[in-house]
file input-v8.tsv (TSV, C-alpha atoms)
chain	number	residue	atom	x	y	z
V	597	MET	CA	-29.59	18.88	-6.80
V	598	GLN	CA	-28.63	18.18	-10.40
V	599	MET	CA	-28.45	14.64	-11.77
V	600	THR	CA	-24.76	15.12	-12.59
V	601	TRP	CA	-24.01	15.49	-8.87
V	602	VAL	CA	-25.87	12.27	-8.03
V	603	VAL	CA	-23.86	10.42	-10.69
V	604	ALA	CA	-20.56	12.06	-9.63
V	605	LEU	CA	-21.01	11.32	-5.93
V	606	GLY	CA	-22.22	7.77	-6.63
V	607	LEU	CA	-19.22	6.99	-8.83
V	608	ALA	CA	-16.75	8.55	-6.37
V	609	LEU	CA	-18.36	6.63	-3.49
V	610	VAL	CA	-17.90	3.35	-5.37
V	611	ILE	CA	-14.25	4.21	-6.15
V	612	LEU	CA	-13.50	5.08	-2.50
V	613	TYR	CA	-15.30	1.92	-1.30
V	614	LEU	CA	-13.47	-0.36	-3.75
V	615	MET	CA	-9.98	1.04	-2.96
V	616	PRO	CA	-9.48	-0.80	0.39
V	617	LEU	CA	-11.13	-3.92	-1.07
V	618	ARG	CA	-8.48	-4.00	-3.80
V	619	ILE	CA	-5.68	-3.41	-1.28
V	620	VAL	CA	-6.92	-6.32	0.87
V	621	ARG	CA	-7.31	-8.55	-2.21
V	622	LEU	CA	-3.72	-7.78	-3.27
V	623	HIS	CA	-2.52	-8.57	0.26
V	624	ARG	CA	-4.36	-11.91	0.29
V	625	ARG	CA	-2.78	-12.83	-3.04
V	626	GLY	CA	0.65	-11.86	-1.71
V	627	GLN	CA	1.04	-9.15	-4.34
V	628	LEU	CA	0.87	-6.07	-2.10
V	629	THR	CA	4.16	-4.19	-2.24
V	630	PRO	CA	4.61	-0.70	-0.74
V	631	ARG	CA	4.69	0.80	-4.26
V	632	ARG	CA	1.55	-1.04	-5.32
V	633	PHE	CA	-0.22	0.11	-2.16
V	634	ALA	CA	0.80	3.74	-2.80
V	635	LEU	CA	-0.16	3.48	-6.48
V	636	THR	CA	-3.58	2.00	-5.67
V	637	PHE	CA	-4.28	4.69	-3.09
V	638	ALA	CA	-3.02	7.65	-5.14
V	639	THR	CA	-4.80	6.45	-8.31
V	640	GLY	CA	-8.13	5.80	-6.54
V	641	TRP	CA	-8.03	9.09	-4.65
V	642	SER	CA	-7.11	11.17	-7.73
V	643	LEU	CA	-9.70	9.34	-9.86
V	644	ALA	CA	-12.44	10.10	-7.29
V	645	ILE	CA	-11.42	13.79	-7.36
V	646	LEU	CA	-11.48	13.83	-11.18
V	647	VAL	CA	-14.96	12.26	-11.24
V	648	VAL	CA	-16.40	14.67	-8.65
V	649	PHE	CA	-14.90	17.68	-10.44
V	650	TYR	CA	-15.63	16.90	-14.09
V	651	VAL	CA	-18.92	14.98	-13.78
V	652	GLY	CA	-20.34	17.16	-11.00
V	653	LEU	CA	-19.32	20.45	-12.58
V	654	ALA	CA	-20.04	19.34	-16.17
V	655	GLU	CA	-22.82	21.87	-16.77
V	656	THR	CA	-20.86	24.77	-15.26
V	657	LEU	CA	-17.68	23.88	-17.18
V	658	ILE	CA	-19.57	23.69	-20.50
V	659	ALA	CA	-21.41	26.97	-19.85
V	660	ARG	CA	-18.43	29.01	-18.64
V	661	ARG	CA	-15.84	27.72	-21.16
V	662	GLU	CA	-12.84	28.93	-19.12
V	663	PRO	CA	-9.64	27.05	-19.99
V	664	LEU	CA	-8.07	27.54	-16.54
V	665	LEU	CA	-11.21	26.30	-14.76
V	666	THR	CA	-11.41	23.31	-17.13
V	667	ALA	CA	-7.76	22.47	-16.44
V	668	LEU	CA	-8.16	23.02	-12.69
V	669	GLY	CA	-9.63	19.57	-12.04
V	670	LEU	CA	-6.70	17.93	-13.79
V	671	ILE	CA	-4.23	20.11	-11.87
V	672	VAL	CA	-5.86	19.24	-8.52
V	673	ALA	CA	-5.85	15.51	-9.41
V	674	ILE	CA	-2.16	15.63	-10.40
V	675	VAL	CA	-1.23	17.50	-7.19
V	676	ASN	CA	-3.20	14.97	-5.13
V	677	PHE	CA	-1.47	12.07	-6.91
V	678	ALA	CA	1.97	13.66	-6.51
V	679	LEU	CA	1.41	14.27	-2.78
V	680	GLY	CA	-0.63	11.11	-2.13
V	681	TYR	CA	1.92	8.65	-3.55
V	682	PRO	CA	4.87	9.52	-1.22
V	683	ILE	CA	2.58	10.01	1.79
V	684	ALA	CA	1.00	6.58	1.17
V	685	LEU	CA	4.47	5.02	0.79
V	686	ALA	CA	5.53	6.45	4.17
V	687	PHE	CA	2.18	5.42	5.70
V	688	HIS	CA	2.65	1.86	4.45
V	689	GLU	CA	6.11	1.67	5.95
V	690	ARG	CA	5.11	3.09	9.32
V	691	VAL	CA	1.57	1.77	9.83
V	692	PHE	CA	0.41	-0.86	7.36
V	693	GLU	CA	3.42	-3.15	7.48
V	694	SER	CA	2.93	-3.90	11.17
V	695	LEU	CA	-0.83	-4.17	10.64
V	696	LEU	CA	-0.63	-6.55	7.67
V	697	LYS	CA	1.99	-8.78	9.34
V	698	ARG	CA	-0.71	-9.88	11.77
V	699	PHE	CA	-2.75	-11.43	8.98
V	700	PRO	CA	-1.30	-14.37	7.08
V	701	ARG	CA	-1.71	-14.31	3.32
V	702	GLN	CA	-4.29	-16.76	1.98
N	342	MET	CA	-11.72	-7.66	23.51
N	343	SER	CA	-13.58	-7.91	20.18
N	344	GLN	CA	-11.81	-9.05	17.04
N	345	VAL	CA	-11.90	-5.57	15.52
N	346	ALA	CA	-10.57	-3.96	18.70
N	347	GLU	CA	-7.83	-6.60	18.88
N	348	THR	CA	-6.90	-6.06	15.23
N	349	SER	CA	-6.72	-2.31	15.63
N	350	GLN	CA	-4.04	-2.64	18.34
N	351	ILE	CA	-1.10	-1.88	16.08
N	352	PRO	CA	2.23	-2.55	17.77
N	353	GLU	CA	4.83	0.21	17.37
N	354	PHE	CA	2.18	2.58	16.00
N	355	PRO	CA	3.99	5.84	15.24
N	356	THR	CA	2.19	8.29	17.52
N	357	SER	CA	4.24	11.05	15.87
N	358	LEU	CA	2.04	10.51	12.80
N	359	ALA	CA	-1.09	11.37	14.76
N	360	TRP	CA	0.68	14.42	16.21
N	361	LEU	CA	1.74	15.45	12.69
N	362	ALA	CA	-1.85	15.17	11.41
N	363	GLY	CA	-3.09	17.19	14.40
N	364	ALA	CA	-0.39	19.85	13.93
N	365	LEU	CA	-1.22	20.10	10.20
N	366	VAL	CA	-4.89	20.62	10.97
N	367	ALA	CA	-4.04	23.31	13.57
N	368	VAL	CA	-1.60	25.14	11.27
N	369	THR	CA	-4.03	24.99	8.32
N	370	SER	CA	-6.88	26.30	10.47
N	371	ALA	CA	-4.74	29.10	11.92
N	372	LEU	CA	-3.45	30.17	8.49
N	373	GLY	CA	-6.96	29.93	7.05
N	374	GLY	CA	-8.23	32.17	9.85
N	375	LEU	CA	-5.40	34.68	9.36
N	376	THR	CA	-6.36	35.21	5.71
N	377	TYR	CA	-9.69	36.66	6.88
N	378	LEU	CA	-8.02	39.42	8.91
N	379	ARG	CA	-8.88	42.08	6.36
N	380	SER	CA	-9.81	45.72	6.78
N	381	ARG	CA	-12.81	45.46	4.41
N	382	GLU	CA	-14.92	42.56	3.16
N	383	ALA	CA	-13.90	43.25	-0.44
N	384	ASP	CA	-10.16	43.02	0.38
N	385	ARG	CA	-8.66	39.83	-0.99
N	386	PRO	CA	-6.35	37.49	0.93
N	387	PRO	CA	-2.94	37.14	-0.79
N	388	ILE	CA	-3.22	34.50	-3.52
N	389	LEU	CA	0.15	32.86	-2.73
N	390	ALA	CA	-0.88	32.39	0.89
N	391	LEU	CA	-4.14	30.82	-0.28
N	392	ILE	CA	-2.27	28.42	-2.62
N	393	PHE	CA	0.05	27.44	0.25
N	394	ILE	CA	-2.98	26.76	2.48
N	395	ALA	CA	-4.61	24.75	-0.35
N	396	VAL	CA	-1.52	22.48	-0.45
N	397	LEU	CA	-1.69	22.08	3.35
N	398	VAL	CA	-5.40	21.24	3.11
N	399	THR	CA	-4.58	18.62	0.46
N	400	VAL	CA	-1.84	16.99	2.59
N	401	THR	CA	-4.15	16.96	5.63
N	402	THR	CA	-7.07	15.41	3.71
N	403	ILE	CA	-4.75	12.72	2.27
N	404	LEU	CA	-3.49	11.83	5.77
N	405	VAL	CA	-7.04	11.63	7.15
N	406	GLU	CA	-8.21	9.55	4.15
N	407	LEU	CA	-5.32	7.12	4.76
N	408	LEU	CA	-6.58	6.71	8.34
N	409	PHE	CA	-10.06	5.90	6.93
N	410	ILE	CA	-8.46	3.35	4.58
N	411	ALA	CA	-6.65	1.82	7.58
N	412	ALA	CA	-9.99	1.52	9.40
N	413	GLU	CA	-11.61	-0.16	6.39
N	414	ILE	CA	-8.67	-2.57	6.01
N	415	ILE	CA	-8.89	-3.48	9.71
N	416	MET	CA	-12.61	-4.24	9.26
N	417	LEU	CA	-12.00	-6.30	6.11
N	418	LEU	CA	-9.09	-8.29	7.55
N	419	SER	CA	-10.97	-9.08	10.74
N	420	GLY	CA	-13.96	-10.36	8.75
N	421	ILE	CA	-16.37	-7.60	9.89
N	422	GLY	CA	-16.14	-5.81	6.55
N	423	GLU	CA	-17.86	-8.65	4.72
N	424	THR	CA	-20.99	-8.61	6.93
N	425	PRO	CA	-23.96	-6.30	6.10
N	426	ALA	CA	-23.06	-4.04	9.05
N	427	GLY	CA	-19.44	-3.96	7.90
N	428	ILE	CA	-20.45	-3.05	4.33
N	429	MET	CA	-22.58	-0.21	5.74
N	430	LEU	CA	-19.65	1.02	7.87
N	431	GLY	CA	-17.38	0.82	4.81
N	432	LEU	CA	-19.85	2.95	2.83
N	433	ILE	CA	-20.00	5.47	5.69
N	434	LEU	CA	-16.18	5.73	5.67
N	435	ALA	CA	-16.27	6.17	1.87
N	436	ALA	CA	-18.86	8.94	2.33
N	437	LEU	CA	-16.52	10.62	4.84
N	438	GLY	CA	-13.84	10.44	2.12
N	439	LEU	CA	-16.29	12.25	-0.17
N	440	PHE	CA	-16.61	14.97	2.46
N	441	LEU	CA	-12.81	15.39	2.41
N	442	ILE	CA	-12.85	15.65	-1.41
N	443	ASN	CA	-15.66	18.23	-1.17
N	444	PHE	CA	-13.65	20.31	1.31
N	445	ASP	CA	-10.45	20.12	-0.77
N	446	LEU	CA	-12.22	21.04	-4.04
N	447	ALA	CA	-14.24	23.80	-2.33
N	448	PHE	CA	-11.03	25.45	-1.14
N	449	VAL	CA	-9.33	25.14	-4.53
N	450	ILE	CA	-12.39	26.63	-6.27
N	451	TYR	CA	-12.40	29.43	-3.66
N	452	VAL	CA	-8.76	30.22	-4.55
N	453	TYR	CA	-9.73	30.21	-8.24
N	454	ARG	CA	-12.68	32.54	-7.59
N	455	VAL	CA	-10.50	34.93	-5.55
N	456	ALA	CA	-7.94	35.00	-8.40
N	457	SER	CA	-10.48	35.49	-11.19
N	458	ALA	CA	-13.19	37.75	-9.70
N	459	PRO	CA	-13.24	41.45	-10.66
N	460	ALA	CA	-11.61	43.88	-8.21
N	461	GLY	CA	-13.90	45.02	-5.40
N	462	GLU	CA	-16.22	42.01	-5.68
N	463	GLU	CA	-16.69	40.15	-2.44
N	464	VAL	CA	-15.69	36.46	-2.62
N	465	ARG	CA	-16.67	34.09	0.16
N	466	PRO	CA	-15.84	30.37	0.53
N	467	ASN	CA	-18.72	28.07	-0.40
N	468	LEU	CA	-18.81	24.43	0.73
N	469	ARG	CA	-22.06	23.57	-1.11
N	470	PHE	CA	-21.05	21.33	-4.01
N	471	TRP	CA	-24.57	21.40	-5.52
N	472	GLU	CA	-24.03	25.15	-6.06
N	473	GLY	CA	-20.73	24.42	-7.84
N	474	TRP	CA	-18.83	25.70	-4.77
N	475	GLY	CA	-19.88	29.25	-5.61
N	476	LEU	CA	-19.14	29.09	-9.34
N	477	SER	CA	-21.95	30.87	-11.13
N	478	LEU	CA	-23.26	30.06	-14.59
N	479	PRO	CA	-22.96	32.86	-17.20
N	480	GLY	CA	-25.82	35.33	-16.78
N	481	GLU	CA	-26.72	33.89	-13.39
N	482	GLY	CA	-24.83	36.51	-11.35
N	483	LYS	CA	-23.68	36.00	-7.79

call {"tool": "encode", "arguments": {"input": "input-v8.tsv", "output": "structure tokens"}}
result
Amino acid sequence: MQMTWVVALGLALVILYLMPLRIVRLHRRGQLTPRRFALTFATGWSLAILVVFYVGLAETLIARREPLLTALGLIVAIVNFALGYPIALAFHERVFESLLKRFPRQ
Amino acid sequence: MSQVAETSQIPEFPTSLAWLAGALVAVTSALGGLTYLRSREADRPPILALIFIAVLVTVTTILVELLFIAAEIIMLLSGIGETPAGIMLGLILAALGLFLINFDLAFVIYVYRVASAPAGEEVRPNLRFWEGWGLSLPGEGK
């Protein structure tokens, strides 16, 4: 396996691991609004996709030099952000609100 | 009942959400299977159908990832997430998120390969990220 994949997967793993930590930290500070939750999720998720695509595929993208393939990672990240934000908003309203109410803010 | 089990008892949990996720997975799988009903191996599935399935795959992976996030938040809020075992479980859930990203990107790359390959060339889905999901380097061939 190429080194770029090790770096890409490591970075994406850290991003995915830190996402819930940030959400919980915002909740404990009393700063977690539905929009901030959705923004944190959609940004983290899209960023992880961007990292896996562009860092992992770096060698292939440089060698093939295809504009559509190069833009594909950005397109996938934008689609994931555009779909992830409203889904996360609905998820917060239907699941997280009742979950977070059980834990007092510190 | 343990603290984690107690925390995960969410009152008024919308069971319709779980049904929706299940239905999405079933529809995506069925549509994905239908695209392989071809007369010859070299026949291509319709590109618009593949794009539609790619969007369904994306929505499904986002829903499943949100369930992983919920699990991690439950662990963190109940104090388990800050113990060594909890950190390990959190990393395992993050790795499962990576699997979802791999699946989503593999399907998108498959759609790209179907759209860009020369006529008559057989294109198969490839889930192996270390092979660039089937993307070959120039001069490497298939």

call {"tool": "closest_residue", "arguments": {"input": "input-v8.tsv", "among": "V:Pro663, V:Gly652, V:Gly640, V:Gly626", "to": "chain N", "atoms": "all atoms listed in the file"}}
result
V:Gly652

call {"tool": "closest_atom_pairs", "arguments": {"input": "input-v8.tsv", "of": "chain N", "to": "chain V", "cutoff": "9 Å", "atoms": "only C-alpha atoms", "output": "Markdown table"}}
result
| residue | atom | partner | partner_atom | distance |
| --- | --- | --- | --- | --- |
| N:Thr348 | CA | V:Leu695 | CA | 7.8 |
| N:Ser349 | CA | V:Leu695 | CA | 7.9 |
| N:Gln350 | CA | V:Leu695 | CA | 8.5 |
| N:Ile351 | CA | V:Leu695 | CA | 5.9 |
| N:Pro352 | CA | V:Ser694 | CA | 6.8 |
| N:Glu353 | CA | V:Ser694 | CA | 7.7 |
| N:Phe354 | CA | V:Val691 | CA | 6.3 |
| N:Pro355 | CA | V:Arg690 | CA | 6.6 |
| N:Leu358 | CA | V:Phe687 | CA | 8.7 |
| N:Val396 | CA | V:Val675 | CA | 8.4 |
| N:Thr399 | CA | V:Asn676 | CA | 6.8 |
| N:Val400 | CA | V:Leu679 | CA | 6.8 |
| N:Ile403 | CA | V:Gly680 | CA | 6.2 |
| N:Leu404 | CA | V:Ile683 | CA | 7.5 |
| N:Glu406 | CA | V:Trp641 | CA | 8.8 |
| N:Leu407 | CA | V:Ala684 | CA | 7.3 |
| N:Ile410 | CA | V:Pro616 | CA | 6.0 |
| N:Ala411 | CA | V:Phe692 | CA | 7.6 |
| N:Glu413 | CA | V:Pro616 | CA | 6.4 |
| N:Ile414 | CA | V:Pro616 | CA | 5.9 |
| N:Ile415 | CA | V:Leu695 | CA | 8.1 |
| N:Leu417 | CA | V:Val620 | CA | 7.3 |
| N:Leu418 | CA | V:Phe699 | CA | 7.2 |
| N:Ser419 | CA | V:Phe699 | CA | 8.7 |
| N:Gly431 | CA | V:Tyr613 | CA | 6.5 |
| N:Leu432 | CA | V:Tyr613 | CA | 6.2 |
| N:Leu434 | CA | V:Tyr613 | CA | 8.0 |
| N:Ala435 | CA | V:Leu612 | CA | 5.3 |
| N:Ala436 | CA | V:Leu609 | CA | 6.3 |
| N:Gly438 | CA | V:Leu612 | CA | 7.1 |
| N:Leu439 | CA | V:Leu609 | CA | 6.8 |
| N:Ile442 | CA | V:Ile645 | CA | 6.4 |
| N:Asn443 | CA | V:Val648 | CA | 8.3 |
| N:Leu446 | CA | V:Phe649 | CA | 7.7 |
| N:Val449 | CA | V:Val672 | CA | 7.9 |
| N:Ile450 | CA | V:Leu668 | CA | 8.5 |
| N:Tyr453 | CA | V:Leu665 | CA | 7.7 |
| N:Phe470 | CA | V:Trp601 | CA | 8.2 |
| N:Trp471 | CA | V:Met597 | CA | 5.8 |
| N:Glu472 | CA | V:Met597 | CA | 8.4 |
| N:Gly473 | CA | V:Leu653 | CA | 6.3 |
| N:Leu476 | CA | V:Thr656 | CA | 7.5 |
| N:Ser477 | CA | V:Thr656 | CA | 7.4 |
| N:Leu478 | CA | V:Thr656 | CA | 5.8 |
| N:Pro479 | CA | V:Arg660 | CA | 6.1 |

call {"tool": "write_last_selection", "arguments": {"input": "input-v8.tsv", "atoms": "C-alpha atoms", "output": "mmCIF file, in the frame of the given file"}}
result
data_model
loop_
_atom_site.group_PDB
_atom_site.id
_atom_site.type_symbol
_atom_site.label_atom_id
_atom_site.label_comp_id
_atom_site.auth_asym_id
_atom_site.auth_seq_id
_atom_site.Cartn_x
_atom_site.Cartn_y
_atom_site.Cartn_z
ATOM 1 C CA THR N 348 -6.900 -6.060 15.230
ATOM 2 C CA SER N 349 -6.720 -2.310 15.630
ATOM 3 C CA GLN N 350 -4.040 -2.640 18.340
ATOM 4 C CA ILE N 351 -1.100 -1.880 16.080
ATOM 5 C CA PRO N 352 2.230 -2.550 17.770
ATOM 6 C CA GLU N 353 4.830 0.210 17.370
ATOM 7 C CA PHE N 354 2.180 2.580 16.000
ATOM 8 C CA PRO N 355 3.990 5.840 15.240
ATOM 9 C CA LEU N 358 2.040 10.510 12.800
ATOM 10 C CA VAL N 396 -1.520 22.480 -0.450
ATOM 11 C CA THR N 399 -4.580 18.620 0.460
ATOM 12 C CA VAL N 400 -1.840 16.990 2.590
ATOM 13 C CA ILE N 403 -4.750 12.720 2.270
ATOM 14 C CA LEU N 404 -3.490 11.830 5.770
ATOM 15 C CA GLU N 406 -8.210 9.550 4.150
ATOM 16 C CA LEU N 407 -5.320 7.120 4.760
ATOM 17 C CA ILE N 410 -8.460 3.350 4.580
ATOM 18 C CA ALA N 411 -6.650 1.820 7.580
ATOM 19 C CA GLU N 413 -11.610 -0.160 6.390
ATOM 20 C CA ILE N 414 -8.670 -2.570 6.010
ATOM 21 C CA ILE N 415 -8.890 -3.480 9.710
ATOM 22 C CA LEU N 417 -12.000 -6.300 6.110
ATOM 23 C CA LEU N 418 -9.090 -8.290 7.550
ATOM 24 C CA SER N 419 -10.970 -9.080 10.740
ATOM 25 C CA GLY N 431 -17.380 0.820 4.810
ATOM 26 C CA LEU N 432 -19.850 2.950 2.830
ATOM 27 C CA LEU N 434 -16.180 5.730 5.670
ATOM 28 C CA ALA N 435 -16.270 6.170 1.870
ATOM 29 C CA ALA N 436 -18.860 8.940 2.330
ATOM 30 C CA GLY N 438 -13.840 10.440 2.120
ATOM 31 C CA LEU N 439 -16.290 12.250 -0.170
ATOM 32 C CA ILE N 442 -12.850 15.650 -1.410
ATOM 33 C CA ASN N 443 -15.660 18.230 -1.170
ATOM 34 C CA LEU N 446 -12.220 21.040 -4.040
ATOM 35 C CA VAL N 449 -9.330 25.140 -4.530
ATOM 36 C CA ILE N 450 -12.390 26.630 -6.270
ATOM 37 C CA TYR N 453 -9.730 30.210 -8.240
ATOM 38 C CA PHE N 470 -21.050 21.330 -4.010
ATOM 39 C CA TRP N 471 -24.570 21.400 -5.520
ATOM 40 C CA GLU N 472 -24.030 25.150 -6.060
ATOM 41 C CA GLY N 473 -20.730 24.420 -7.840
ATOM 42 C CA LEU N 476 -19.140 29.090 -9.340
ATOM 43 C CA SER N 477 -21.950 30.870 -11.130
ATOM 44 C CA LEU N 478 -23.260 30.060 -14.590
ATOM 45 C CA PRO N 479 -22.960 32.860 -17.200
#

call {"tool": "atom_distance", "arguments": {"input": "input-v8.tsv", "atom1": "CA of Val464 (chain N)", "atom2": "CA of Ala364 (chain N)"}}
result
28.0 Å

call {"tool": "residues_near_point", "arguments": {"input": "input-v8.tsv", "point": "(-15.2, 40.8, -4.3)", "cutoff": "10 Å", "atoms": "all atoms listed in the file", "output": "CSV table (one decimal) with C-alpha atoms, keeping the file's coordinate frame"}}
result
chain,number,residue,atom,x,y,z
N,382,GLU,CA,-14.9,42.6,3.2
N,383,ALA,CA,-13.9,43.2,-0.4
N,384,ASP,CA,-10.2,43.0,0.4
N,385,ARG,CA,-8.7,39.8,-1.0
N,454,ARG,CA,-12.7,32.5,-7.6
N,455,VAL,CA,-10.5,34.9,-5.6
N,457,SER,CA,-10.5,35.5,-11.2
N,458,ALA,CA,-13.2,37.8,-9.7
N,459,PRO,CA,-13.2,41.4,-10.7
N,460,ALA,CA,-11.6,43.9,-8.2
N,461,GLY,CA,-13.9,45.0,-5.4
N,462,GLU,CA,-16.2,42.0,-5.7
N,463,GLU,CA,-16.7,40.2,-2.4
N,464,VAL,CA,-15.7,36.5,-2.6
N,465,ARG,CA,-16.7,34.1,0.2

call {"tool": "atom_distance", "arguments": {"input": "input-v8.tsv", "atom1": "CA of Thr402 (chain N)", "atom2": "CA of Leu441 (chain N)"}}
result
5.9 Å

call {"tool": "atom_distance", "arguments": {"input": "input-v8.tsv", "atom1": "CA of Pro682 (chain V)", "atom2": "CA of Ile433 (chain N)"}}
result
26.1 Å
